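Reading through the structure tokens given below for one structure.
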Amino acid sequence: MGAQSTTFADGVREAGAIVTFSGRVRDVPGGLDVMEIEHYPGMTERALTQIATDAMARWSLEDALVIHRHGRLAKGDLIMMVATAARHRKDAFEAAEFLMDYLKSRAPFWKREITADGADWVAATDADEDALKRW
Amino acid sequence: MNVLYFAWVRERIGIPREEVNTEAATVMDLVEELRLREDRYAAAFADIAALRVALDQELTTFDASLSGVREVAFFPPMTGG
């Protein structure tokens with residue numbers, strides 16, 4: 001995703017502030033073998049486009065980028081990244097947090113952790129849902 | 001209409017999608033219909049508070065109308081990011 005960040009930055013020459021955030025697969029107690037991420041083809045693209053469009057409308061951004069992987073991932077693998085470009089850092093930081101919060105609870109992805117003990121769907125948390133109230 | 005299931009909803013019902021012929025007026029009516037079919041549907045739809053629904057790929061609520069809808073999807077709260 002380093003290449004993605006560079007490409008994004010190259011496309012927003014006028015922006016004084018660029019924020020990028022990358023999320024990676026965390027290990028779990030007992031040791032993670034694989035993380036599987038299921039998604040809803042079609043709705044995923046619509047949801048990600050909508051979230052990025054909302055961010056562009058709310059903050060003064062030159063551009064916004066959202067990438068989310070699906071399928072089988074190993075611990076330490078990158079799951080997703082968001083990038084925002086703005087004239088000033090406040091817009092870039094806030095919009096990046098907004099993109100993250102919405103990506104967690106409003107984009108149709110479901111994580112499943114596979115360990116030696118079996119496979120468990122990751123449960124959504126109240127904290128993730130509460131995070132949306134900020135916006 | 002085309003009905004899709006994801007994550008543990010898909011696992012409990014045992015299939016990812018199916019064509020359902022229904023006269024259900026709302027999502028909740030459809031859920032009631034499916035619950036009566038077989039135990040695996042009753043198990044998947046036991047707790048509506050633990051489920052989310054999308055109509056034609058837009059999130060909505062269980063009281064939403066199915067009029068003109070082509071695709072219904074049921075799934076647990078999303079866990080992206």
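Naming scheme: A, B, ... for chains in displayed order of the structure tokens; residues 1 onward per chain; ligands 1 onward as shown.
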Selection near B:Val72, 12 Å with only C-alpha atoms, sequence-local residues under 3 positions removed, as an MDAnalysis selection string: (chainID A and resid 40 43) or (chainID B and resid 1:6 16:20 22 26:28 30:31 52:62 64:69 75)
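Near chain A, within 8 Å and counting only C-alpha atoms, the residues of chain B are Phe6, Ala7, Trp8, Gln57, Glu58, Pro77, Met78, Thr79, Gly80 and Gly81 of chain B.
Comparing B:Glu11, B:Asp63, B:Asp47, B:Glu38 by their smallest distance to B:Ala25, the closest is B:Asp63 (using only C-alpha atoms).
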Separation of atom CA of A:Arg87 from atom CA of A:Ala131, in Å and rounded to one decimal: 25.5 Å
Strand (DSSP E or B) residues, from DSSP on the backbone, in chain B, as a PyMOL selection string: chain B and resi 2-5+17-19+26+52-55+58-60+65+71-75
All helix (DSSP H, G or I) positions in stretch 1-116 of chain A, as an MDAnalysis selection string: chainID A and resid 2:10 43:58 89:106
Just N, CA and C atoms for this one: save the residues we selected as a compact mmCIF listing (two decimals), in the first residue's frame.
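What ended up in again18.txt:
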```txt
# COMPACT_ATOMS: atom_id res chain seq x y z
N GLY A 2 2.19 1.08 0.11
CA GLY A 2 3.09 2.22 -0.03
C GLY A 2 2.95 2.82 -1.41
N ALA A 3 2.82 1.95 -2.40
CA ALA A 3 2.65 2.41 -3.78
C ALA A 3 1.34 3.17 -3.94
N GLN A 4 0.29 2.69 -3.25
CA GLN A 4 -1.01 3.37 -3.30
C GLN A 4 -0.91 4.76 -2.72
N SER A 5 -0.18 4.89 -1.59
CA SER A 5 -0.01 6.19 -0.95
C SER A 5 0.71 7.16 -1.86
N THR A 6 1.74 6.66 -2.54
CA THR A 6 2.53 7.51 -3.43
C THR A 6 1.69 7.98 -4.61
N THR A 7 0.92 7.04 -5.19
CA THR A 7 0.05 7.39 -6.32
C THR A 7 -0.98 8.43 -5.90
N PHE A 8 -1.54 8.22 -4.69
CA PHE A 8 -2.55 9.16 -4.17
C PHE A 8 -1.93 10.55 -4.02
N ALA A 9 -0.75 10.61 -3.40
CA ALA A 9 -0.08 11.89 -3.16
C ALA A 9 0.29 12.58 -4.48
N ASP A 10 0.69 11.79 -5.46
CA ASP A 10 1.07 12.36 -6.76
C ASP A 10 -0.12 13.01 -7.46
N MET A 43 -22.77 -4.28 -3.33
CA MET A 43 -23.05 -3.32 -2.25
C MET A 43 -21.75 -2.74 -1.70
N THR A 44 -20.69 -3.55 -1.69
CA THR A 44 -19.41 -3.07 -1.18
C THR A 44 -18.95 -1.83 -1.96
N GLU A 45 -18.97 -1.93 -3.27
CA GLU A 45 -18.52 -0.82 -4.11
C GLU A 45 -19.40 0.42 -3.88
N ARG A 46 -20.70 0.18 -3.80
CA ARG A 46 -21.64 1.30 -3.58
C ARG A 46 -21.37 1.97 -2.24
N ALA A 47 -21.19 1.14 -1.19
CA ALA A 47 -21.00 1.68 0.17
C ALA A 47 -19.69 2.46 0.26
N LEU A 48 -18.62 1.92 -0.32
CA LEU A 48 -17.32 2.61 -0.23
C LEU A 48 -17.37 3.94 -1.00
N THR A 49 -18.01 3.92 -2.17
CA THR A 49 -18.14 5.15 -2.96
C THR A 49 -18.96 6.18 -2.19
N GLN A 50 -20.06 5.71 -1.55
CA GLN A 50 -20.93 6.63 -0.80
C GLN A 50 -20.18 7.25 0.38
N ILE A 51 -19.42 6.42 1.10
CA ILE A 51 -18.68 6.91 2.27
C ILE A 51 -17.64 7.97 1.83
N ALA A 52 -16.95 7.68 0.75
CA ALA A 52 -15.94 8.64 0.26
C ALA A 52 -16.61 9.92 -0.25
N THR A 53 -17.76 9.77 -0.91
CA THR A 53 -18.50 10.94 -1.40
C THR A 53 -18.98 11.81 -0.24
N ASP A 54 -19.47 11.15 0.82
CA ASP A 54 -19.92 11.89 2.01
C ASP A 54 -18.76 12.68 2.63
N ALA A 55 -17.59 12.05 2.69
CA ALA A 55 -16.42 12.73 3.27
C ALA A 55 -16.04 13.94 2.42
N MET A 56 -16.10 13.78 1.10
CA MET A 56 -15.75 14.90 0.20
C MET A 56 -16.72 16.07 0.39
N ALA A 57 -18.01 15.72 0.69
CA ALA A 57 -19.02 16.76 0.85
C ALA A 57 -18.89 17.48 2.19
N ARG A 58 -18.45 16.77 3.21
CA ARG A 58 -18.41 17.35 4.56
C ARG A 58 -17.15 18.14 4.85
N ARG A 89 -4.35 20.32 7.61
CA ARG A 89 -4.36 19.00 8.25
C ARG A 89 -5.66 18.67 8.98
N LYS A 90 -6.38 19.69 9.53
CA LYS A 90 -7.58 19.39 10.31
C LYS A 90 -8.61 18.64 9.44
N ASP A 91 -8.86 19.16 8.26
CA ASP A 91 -9.80 18.49 7.36
C ASP A 91 -9.31 17.08 7.01
N ALA A 92 -8.02 16.95 6.76
CA ALA A 92 -7.48 15.65 6.36
C ALA A 92 -7.59 14.62 7.48
N PHE A 93 -7.25 15.03 8.72
CA PHE A 93 -7.34 14.10 9.86
C PHE A 93 -8.79 13.72 10.16
N GLU A 94 -9.65 14.73 10.26
CA GLU A 94 -11.06 14.45 10.61
C GLU A 94 -11.72 13.56 9.57
N ALA A 95 -11.50 13.88 8.31
CA ALA A 95 -12.13 13.09 7.25
C ALA A 95 -11.61 11.65 7.26
N ALA A 96 -10.33 11.47 7.57
CA ALA A 96 -9.78 10.12 7.63
C ALA A 96 -10.43 9.32 8.76
N GLU A 97 -10.66 9.98 9.91
CA GLU A 97 -11.32 9.28 11.03
C GLU A 97 -12.76 8.93 10.68
N PHE A 98 -13.44 9.86 10.02
CA PHE A 98 -14.81 9.62 9.55
C PHE A 98 -14.84 8.40 8.62
N LEU A 99 -13.92 8.36 7.66
CA LEU A 99 -13.86 7.23 6.72
C LEU A 99 -13.65 5.92 7.47
N MET A 100 -12.76 5.93 8.45
CA MET A 100 -12.48 4.73 9.25
C MET A 100 -13.71 4.27 10.02
N ASP A 101 -14.35 5.25 10.71
CA ASP A 101 -15.52 4.90 11.52
C ASP A 101 -16.63 4.29 10.67
N TYR A 102 -16.86 4.87 9.49
CA TYR A 102 -17.91 4.35 8.62
C TYR A 102 -17.55 3.02 7.98
N LEU A 103 -16.27 2.88 7.68
CA LEU A 103 -15.79 1.62 7.10
C LEU A 103 -16.02 0.45 8.06
N LYS A 104 -15.86 0.72 9.35
CA LYS A 104 -16.00 -0.34 10.37
C LYS A 104 -17.44 -0.84 10.50
N SER A 105 -18.41 0.07 10.39
CA SER A 105 -19.79 -0.32 10.71
C SER A 105 -20.80 -0.20 9.59
N ARG A 106 -20.43 0.42 8.45
CA ARG A 106 -21.41 0.64 7.39
C ARG A 106 -21.00 0.07 6.04
```
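Across the structure, atom CA of A:Lys133 and atom CA of B:Phe45 are spaced 27.3 Å apart.
If you measure from each of B:Arg70, B:Asp29, B:Val9, B:Ile15 to B:Ala46 using only C-alpha atoms, the closest one turns out to be B:Val9.
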